[in-house]
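Q: Following this line is work_16.cif, made up of mmCIF, C-alpha atoms:
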data_protein
#
loop_
_atom_site.group_PDB
_atom_site.id
_atom_site.type_symbol
_atom_site.label_atom_id
_atom_site.label_comp_id
_atom_site.auth_asym_id
_atom_site.auth_seq_id
_atom_site.Cartn_x
_atom_site.Cartn_y
_atom_site.Cartn_z
ATOM 1 C CA MET A 1276 25.189 67.126 91.609
ATOM 2 C CA THR A 1277 26.798 64.628 93.936
ATOM 3 C CA GLU A 1278 29.847 65.950 95.750
ATOM 4 C CA PRO A 1279 32.966 63.891 95.012
ATOM 5 C CA ILE A 1280 34.874 62.377 97.902
ATOM 6 C CA TYR A 1281 38.301 63.971 98.129
ATOM 7 C CA ALA A 1282 41.552 62.626 99.536
ATOM 8 C CA ASN A 1283 42.458 66.031 100.967
ATOM 9 C CA ASN A 1284 42.061 69.755 100.301
ATOM 10 C CA GLU A 1285 44.721 69.742 97.572
ATOM 11 C CA HIS A 1286 42.816 66.995 95.765
ATOM 12 C CA ARG A 1287 39.598 68.999 96.158
ATOM 13 C CA VAL A 1288 41.072 72.112 94.538
ATOM 14 C CA ILE A 1289 42.608 70.185 91.645
ATOM 15 C CA VAL A 1290 39.466 68.173 90.884
ATOM 16 C CA GLU A 1291 37.007 71.054 91.316
ATOM 17 C CA THR A 1292 39.039 73.235 88.946
ATOM 18 C CA TYR A 1293 39.238 70.445 86.381
ATOM 19 C CA VAL A 1294 35.538 69.515 86.549
ATOM 20 C CA THR A 1295 34.501 73.164 86.301
ATOM 21 C CA MET A 1296 36.639 73.696 83.211
ATOM 22 C CA CYS A 1297 35.270 70.585 81.497
ATOM 23 C CA GLN A 1298 31.714 71.625 82.280
ATOM 24 C CA GLU A 1299 32.277 75.146 80.977
ATOM 25 C CA PHE A 1300 33.773 73.812 77.738
ATOM 26 C CA ALA A 1301 30.799 71.495 77.222
ATOM 27 C CA LYS A 1302 28.299 74.231 78.047
ATOM 28 C CA GLU A 1303 29.854 76.600 75.499
ATOM 29 C CA VAL A 1304 29.397 74.242 72.549
ATOM 30 C CA SER A 1305 26.013 72.673 73.240
ATOM 31 C CA THR A 1306 22.336 73.195 73.725
ATOM 32 C CA LYS A 1307 20.706 73.108 77.154
ATOM 33 C CA ASN A 1308 19.360 69.559 76.589
ATOM 34 C CA ARG A 1309 22.676 68.176 75.430
ATOM 35 C CA TYR A 1310 24.485 69.869 78.278
ATOM 36 C CA ASP A 1311 22.033 68.345 80.757
ATOM 37 C CA ASN A 1312 22.786 64.920 79.225
ATOM 38 C CA TYR A 1313 26.500 65.633 79.636
ATOM 39 C CA LEU A 1314 25.933 66.465 83.312
ATOM 40 C CA GLU A 1315 24.217 63.093 83.765
ATOM 41 C CA VAL A 1316 27.404 61.404 82.539
ATOM 42 C CA VAL A 1317 29.490 63.547 84.904
ATOM 43 C CA GLU A 1318 27.220 62.416 87.727
ATOM 44 C CA ILE A 1319 27.809 58.745 86.816
ATOM 45 C CA ILE A 1320 31.581 59.310 86.848
ATOM 46 C CA ILE A 1321 31.427 60.949 90.277
ATOM 47 C CA GLU A 1322 29.242 58.167 91.657
ATOM 48 C CA TYR A 1323 31.723 55.583 90.360
ATOM 49 C CA HIS A 1324 34.566 57.541 91.970
ATOM 50 C CA ASN A 1325 32.717 57.801 95.284
ATOM 51 C CA ASN A 1326 31.864 54.085 95.349
ATOM 52 C CA TYR A 1327 35.286 52.855 94.237
ATOM 53 C CA GLY A 1328 36.825 50.445 96.702
ATOM 54 C CA GLU A 1329 33.651 48.616 97.592
ATOM 55 C CA GLY A 1330 34.565 45.727 95.301
ATOM 56 C CA GLN A 1331 37.047 43.052 96.309
ATOM 57 C CA ARG A 1332 39.703 44.112 93.806
ATOM 58 C CA GLU A 1333 39.259 47.873 94.022
ATOM 59 C CA GLU A 1334 41.618 49.293 96.572
ATOM 60 C CA ASN A 1335 44.337 51.206 94.752
ATOM 61 C CA PHE A 1336 44.647 54.791 96.001
ATOM 62 C CA TYR A 1337 46.120 56.149 92.764
ATOM 63 C CA ASP A 1338 43.520 54.407 90.611
ATOM 64 C CA TRP A 1339 40.853 56.067 92.737
ATOM 65 C CA LEU A 1340 42.485 59.494 92.421
ATOM 66 C CA MET A 1341 42.544 59.216 88.618
ATOM 67 C CA ILE A 1342 38.937 58.094 88.079
ATOM 68 C CA ILE A 1343 37.484 61.569 87.654
ATOM 69 C CA PRO A 1344 40.178 63.140 85.454
ATOM 70 C CA ILE A 1345 40.588 60.206 83.085
ATOM 71 C CA ASN A 1346 36.916 59.292 82.748
ATOM 72 C CA LEU A 1347 35.822 62.902 82.459
ATOM 73 C CA ALA A 1348 38.396 63.556 79.723
ATOM 74 C CA VAL A 1349 37.085 60.596 77.739
ATOM 75 C CA ALA A 1350 33.456 61.619 78.311
ATOM 76 C CA THR A 1351 34.120 65.233 77.364
ATOM 77 C CA ASN A 1352 36.001 64.275 74.201
ATOM 78 C CA GLY A 1353 33.151 61.954 73.252
ATOM 79 C CA PHE A 1354 30.686 64.753 73.929
ATOM 80 C CA PHE A 1355 32.704 67.072 71.693
ATOM 81 C CA ALA A 1356 32.609 64.492 68.905
ATOM 82 C CA GLY A 1357 28.838 64.318 69.198
ATOM 83 C CA VAL A 1358 28.208 68.071 69.112
ATOM 84 C CA GLU A 1359 30.823 69.109 66.553
ATOM 85 C CA THR A 1360 29.389 70.689 63.415
ATOM 86 C CA LYS A 1361 30.867 72.665 60.535
ATOM 87 C CA SER A 1362 29.931 75.913 62.234
ATOM 88 C CA ASN A 1363 31.513 75.122 65.623
ATOM 89 C CA SER A 1364 34.379 72.833 64.605
ATOM 90 C CA ALA A 1365 37.104 75.431 65.207
ATOM 91 C CA VAL A 1366 35.887 76.100 68.748
ATOM 92 C CA VAL A 1367 35.432 72.408 69.533
ATOM 93 C CA ARG A 1368 38.906 71.573 68.251
ATOM 94 C CA ALA A 1369 40.404 74.386 70.316
ATOM 95 C CA TYR A 1370 38.632 73.060 73.416
ATOM 96 C CA ARG A 1371 39.959 69.568 72.654
ATOM 97 C CA ILE A 1372 43.516 70.881 72.586
ATOM 98 C CA VAL A 1373 43.033 72.778 75.841
ATOM 99 C CA LEU A 1374 41.347 69.725 77.410
ATOM 100 C CA ASP A 1375 44.303 67.524 76.444
ATOM 101 C CA GLU A 1376 46.693 69.954 78.150
ATOM 102 C CA LEU A 1377 44.380 70.337 81.137
ATOM 103 C CA VAL A 1378 43.972 66.609 81.745
ATOM 104 C CA GLN A 1379 47.731 66.072 81.529
ATOM 105 C CA SER A 1380 48.373 68.898 83.977
ATOM 106 C CA THR A 1381 45.668 67.593 86.319
ATOM 107 C CA VAL A 1382 46.995 64.037 86.246
ATOM 108 C CA ASP A 1383 50.524 65.307 86.917
ATOM 109 C CA LYS A 1384 49.310 67.276 89.950
ATOM 110 C CA ILE A 1385 47.235 64.398 91.300
ATOM 111 C CA ASP A 1386 50.102 61.958 90.814
ATOM 112 C CA LYS A 1387 52.080 63.957 93.380
ATOM 113 C CA ILE A 1388 49.447 63.562 96.103
ATOM 114 C CA GLU A 1389 50.678 61.259 98.839
ATOM 115 C CA PRO A 1390 48.324 59.017 100.828
ATOM 116 C CA ILE A 1391 47.863 59.987 104.441
ATOM 117 C CA ASN A 1392 46.865 57.290 106.970
ATOM 118 C CA ASP A 1393 46.964 54.588 104.297
#
Please re-express this file's structure in structure tokens.

A:
Amino acid sequence: MTEPIYANNEHRVIVETYVTMCQEFAKEVSTKNRYDNYLEVVEIIIEYHNNYGEGQREENFYDWLMIIPINLAVATNGFFAGVETKSNSAVVRAYRIVLDELVQSTVDKIDKIEPIND
């Protein structure tokens, strides 16, 4: 998997923790093939994050910081919708609730990161 570009060590810790949790949730409720497809989407999100700013209108530090948490939350919730069945619905719904709390906590932490050498 492509390594995300981080603003600083604090950003690294926050994002790595968040991505790991999302991946573990997805892995728990899916087959190997579906999980591999999920990881492909995660890769696309990280590539977008890493390449952000190359366009003429893409230069907002806070937009860049939020790419991974927001897009990964949407992707993971969509993944949950696709794999939810009668037999795993309780687990998937529990993961959705935890993911909602996790993304909010992550965004709050990232929002406090200040740009250095901007």

Q: Contacts of A:Val1373 at 10 Å or less, counting all atoms listed in the file, minus same-chain residues fewer than 5 places along, as a PyMOL selection string?

A: chain A and resi 1296-1297+1300+1367-1368+1378-1379

Q: Determine the nearest neighbour of A:Ser1364 from the options A:Ile1319, A:Ile1391, A:Arg1287, A:Val1304, counting only C-alpha atoms.

A: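 Between A:Ile1319, A:Ile1391, A:Arg1287, A:Val1304, the residue approaching A:Ser1364 most closely is A:Val1304.
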
Q: One decimal, in Å: what's the spacing between atom CA of A:Ala1350 and atom CA of A:Lys1387?

A: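 Computed distance, atom CA of A:Ala1350 to atom CA of A:Lys1387, equals 24.1 Å.
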
Q: Point out the residue among A:Glu1359, A:Glu1329, A:Glu1291, A:Glu1389 with the least atom-to-atom distance to A:Glu1278, counting only C-alpha atoms.

A: A:Glu1291

Q: Enclose all atoms of stretch 1318-1321 of chain A listed in the file in an axis-aligned box, grow every side by 3 Å, and hand back centre and edge lengths in Å to one decimal, as JSON.

A:
{"center_x": 29.4, "center_y": 60.6, "center_z": 88.5, "size_x": 10.4, "size_y": 9.7, "size_z": 9.5}

Q: For the provided coordinates, the residues matched by the PyMOL selection byres ((chain A and resi 1339) around 12) should be stated as a PyMOL selection string.

A: chain A and resi 1279-1282+1286+1320-1329+1333-1338+1340-1346+1382+1385-1386+1388+1390

Q: Taking into account all atoms listed in the file, which residue in the set A:Val1290, A:Val1349, A:Met1276, A:Val1317 is nearest to A:Arg1371?

A: A:Val1349

Q: Point out the residue among A:Glu1318, A:Lys1302, A:Gly1357, A:Tyr1293 with the least atom-to-atom distance to A:Glu1376, counting all atoms listed in the file.

A: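 So, comparing all the options, the nearest one is A:Tyr1293.
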
Q: Would you mind reading off the distance between atom CA of A:Asp1383 and atom CA of A:Ile1289, one decimal, in Å?

A: 10.4 Å

Q: Regenerate stretch 1357-1379 of chain A at the level of N, CA and C atoms and dump it as an mmCIF file, in the frame of the given file.

A:
data_model
loop_
_atom_site.group_PDB
_atom_site.id
_atom_site.type_symbol
_atom_site.label_atom_id
_atom_site.label_comp_id
_atom_site.auth_asym_id
_atom_site.auth_seq_id
_atom_site.Cartn_x
_atom_site.Cartn_y
_atom_site.Cartn_z
ATOM 1 N N GLY A 1357 30.272 64.365 69.477
ATOM 2 C CA GLY A 1357 28.838 64.318 69.198
ATOM 3 C C GLY A 1357 28.225 65.663 68.866
ATOM 4 N N VAL A 1358 28.795 66.756 69.354
ATOM 5 C CA VAL A 1358 28.208 68.071 69.112
ATOM 6 C C VAL A 1358 28.940 68.873 68.040
ATOM 7 N N GLU A 1359 30.057 68.363 67.551
ATOM 8 C CA GLU A 1359 30.823 69.109 66.553
ATOM 9 C C GLU A 1359 30.061 69.207 65.234
ATOM 10 N N THR A 1360 30.003 70.412 64.710
ATOM 11 C CA THR A 1360 29.389 70.689 63.415
ATOM 12 C C THR A 1360 30.361 71.541 62.594
ATOM 13 N N LYS A 1361 30.012 71.809 61.360
ATOM 14 C CA LYS A 1361 30.867 72.665 60.535
ATOM 15 C C LYS A 1361 30.996 74.058 61.147
ATOM 16 N N SER A 1362 29.910 74.546 61.713
ATOM 17 C CA SER A 1362 29.931 75.913 62.234
ATOM 18 C C SER A 1362 30.684 76.058 63.562
ATOM 19 N N ASN A 1363 30.818 74.998 64.331
ATOM 20 C CA ASN A 1363 31.513 75.122 65.623
ATOM 21 C C ASN A 1363 32.803 74.303 65.691
ATOM 22 N N SER A 1364 33.222 73.745 64.573
ATOM 23 C CA SER A 1364 34.379 72.833 64.605
ATOM 24 C C SER A 1364 35.658 73.500 65.090
ATOM 25 N N ALA A 1365 35.880 74.755 64.754
ATOM 26 C CA ALA A 1365 37.104 75.431 65.207
ATOM 27 C C ALA A 1365 37.108 75.577 66.728
ATOM 28 N N VAL A 1366 35.981 75.948 67.294
ATOM 29 C CA VAL A 1366 35.887 76.100 68.748
ATOM 30 C C VAL A 1366 36.041 74.754 69.439
ATOM 31 N N VAL A 1367 35.359 73.734 68.927
ATOM 32 C CA VAL A 1367 35.432 72.408 69.533
ATOM 33 C C VAL A 1367 36.860 71.871 69.478
ATOM 34 N N ARG A 1368 37.520 72.049 68.367
ATOM 35 C CA ARG A 1368 38.906 71.573 68.251
ATOM 36 C C ARG A 1368 39.830 72.325 69.201
ATOM 37 N N ALA A 1369 39.601 73.609 69.360
ATOM 38 C CA ALA A 1369 40.404 74.386 70.316
ATOM 39 C C ALA A 1369 40.179 73.877 71.738
ATOM 40 N N TYR A 1370 38.923 73.603 72.092
ATOM 41 C CA TYR A 1370 38.632 73.060 73.416
ATOM 42 C C TYR A 1370 39.269 71.686 73.602
ATOM 43 N N ARG A 1371 39.305 70.891 72.553
ATOM 44 C CA ARG A 1371 39.959 69.568 72.654
ATOM 45 C C ARG A 1371 41.435 69.719 72.993
ATOM 46 N N ILE A 1372 42.091 70.663 72.338
ATOM 47 C CA ILE A 1372 43.516 70.881 72.586
ATOM 48 C C ILE A 1372 43.736 71.340 74.026
ATOM 49 N N VAL A 1373 42.914 72.288 74.467
ATOM 50 C CA VAL A 1373 43.033 72.778 75.841
ATOM 51 C C VAL A 1373 42.724 71.653 76.834
ATOM 52 N N LEU A 1374 41.696 70.845 76.534
ATOM 53 C CA LEU A 1374 41.347 69.725 77.410
ATOM 54 C C LEU A 1374 42.498 68.729 77.517
ATOM 55 N N ASP A 1375 43.159 68.442 76.411
ATOM 56 C CA ASP A 1375 44.303 67.524 76.444
ATOM 57 C C ASP A 1375 45.399 68.053 77.371
ATOM 58 N N GLU A 1376 45.688 69.342 77.275
ATOM 59 C CA GLU A 1376 46.693 69.954 78.150
ATOM 60 C C GLU A 1376 46.220 69.957 79.608
ATOM 61 N N LEU A 1377 44.948 70.267 79.792
ATOM 62 C CA LEU A 1377 44.380 70.337 81.137
ATOM 63 C C LEU A 1377 44.385 68.979 81.829
ATOM 64 N N VAL A 1378 43.992 67.935 81.115
ATOM 65 C CA VAL A 1378 43.972 66.609 81.745
ATOM 66 C C VAL A 1378 45.391 66.166 82.091
ATOM 67 N N GLN A 1379 46.350 66.459 81.233
ATOM 68 C CA GLN A 1379 47.731 66.072 81.529
ATOM 69 C C GLN A 1379 48.247 66.811 82.756
#
